[in-house]
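Trainee: Before anything else, here's the structure in question.
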Amino acid sequence: MLRFNKEVWRYDGSRLIFYQLDGQEYVEREVSPHFPFLSPSEIMGFLEMQENVGETSMIRGFRQWVRSRIQSGE
């Protein structure tokens, strides 16, 4: 049985785009279908933060942020 990824994130070096499989093609989405509290601009903010605080601190901050969104029901 073939399984298809129904959501794809694409980063082109300056922009993050979410795509969702709709029938036979992927359609651009404003937010992640699986993580509706995530927007490309929020994720880009964390990627840019990495330049100042380093990868490990950025990942910790991102995990904390995601946990807080899940706990608040966003």
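All residue names refer to the structure tokens as shown: chains lettered A, B, ... in order, residues numbered from 1 in each chain, ligands numbered from 1 in order.
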Might you pull out every residue within 8 Å of Glu7 (chain A), with only C-alpha atoms counted and same-chain residues fewer than 4 positions away left off, and present them as number ranges by chain?

Mentor: A: 18-21, 32-34

Trainee: Could the residues in this selection be written to a file with N, CA and C atoms, as a PDB file, in the first residue's frame?

Mentor:
```pdb
ATOM      1  N   PHE A  18       3.608  26.298   2.973  1.00  0.00           N
ATOM      2  CA  PHE A  18       2.922  25.054   3.318  1.00  0.00           C
ATOM      3  C   PHE A  18       2.067  24.629   2.130  1.00  0.00           C
ATOM      4  N   TYR A  19       2.114  23.338   1.826  1.00  0.00           N
ATOM      5  CA  TYR A  19       1.265  22.775   0.775  1.00  0.00           C
ATOM      6  C   TYR A  19       0.489  21.606   1.352  1.00  0.00           C
ATOM      7  N   GLN A  20      -0.726  21.412   0.858  1.00  0.00           N
ATOM      8  CA  GLN A  20      -1.564  20.287   1.259  1.00  0.00           C
ATOM      9  C   GLN A  20      -2.062  19.587   0.006  1.00  0.00           C
ATOM     10  N   LEU A  21      -2.031  18.258   0.046  1.00  0.00           N
ATOM     11  CA  LEU A  21      -2.519  17.474  -1.084  1.00  0.00           C
ATOM     12  C   LEU A  21      -4.026  17.623  -1.196  1.00  0.00           C
ATOM     13  N   SER A  32      -0.277  25.555   8.482  1.00  0.00           N
ATOM     14  CA  SER A  32      -0.081  24.116   8.388  1.00  0.00           C
ATOM     15  C   SER A  32      -1.404  23.396   8.647  1.00  0.00           C
ATOM     16  N   PRO A  33      -1.838  22.520   7.752  1.00  0.00           N
ATOM     17  CA  PRO A  33      -3.085  21.777   7.995  1.00  0.00           C
ATOM     18  C   PRO A  33      -3.018  20.900   9.254  1.00  0.00           C
ATOM     19  N   HIS A  34      -1.839  20.375   9.572  1.00  0.00           N
ATOM     20  CA  HIS A  34      -1.692  19.510  10.743  1.00  0.00           C
ATOM     21  C   HIS A  34      -1.416  20.300  12.020  1.00  0.00           C
TER      22      HIS A  34
END
```

Trainee: As a VMD selection string, please: every residue in chain A that DSSP puts in strand (DSSP E or B).

Mentor: chain A and resid 7 to 11 16 to 22 25 to 29

Trainee: Please identify the helix (DSSP H, G or I) residues within chain A (assignment by DSSP from backbone atoms) and present them as a count of residues only.

Mentor: 31

Trainee: Go ahead and compute the interatomic distance for CA of Pro40 (chain A) and CA of Gln71 (chain A), in Å to one decimal.

Mentor: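 Distance reported for this atom pair: 20.6 Å.
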
Trainee: I'd like the contact shell of Ile59 (chain A) - 12 Å cut-off, only C-alpha atoms, skipping same-chain residues fewer than 2 positions apart - returned as a list in words.

Mentor: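 Residues near the query, excluding close chain neighbours: Ile43, Gly45, Phe46, Leu47, Glu48, Met49, Gln50, Val53, Gly54, Glu55, Thr56, Ser57, Gly61, Phe62, Arg63, Gln64, Trp65 and Val66 of chain A.
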
Trainee: Which distance in Å separates CA of Arg10 (chain A) and CA of Ser68 (chain A), to one decimal?

Mentor: 24.9 Å

Trainee: Between CA of Ser72 (chain A) and CA of Glu51 (chain A), what is the spacing in Å?

Mentor: 28.5 Å

Trainee: Using only C-alpha atoms, pick whichever of A:Val27, A:Trp9, A:Leu16, A:Leu38 has the shortest atom-to-atom distance to Arg67 (chain A).

Mentor: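 Ranking A:Val27, A:Trp9, A:Leu16, A:Leu38 by distance to Arg67 (chain A), first place goes to A:Leu38.
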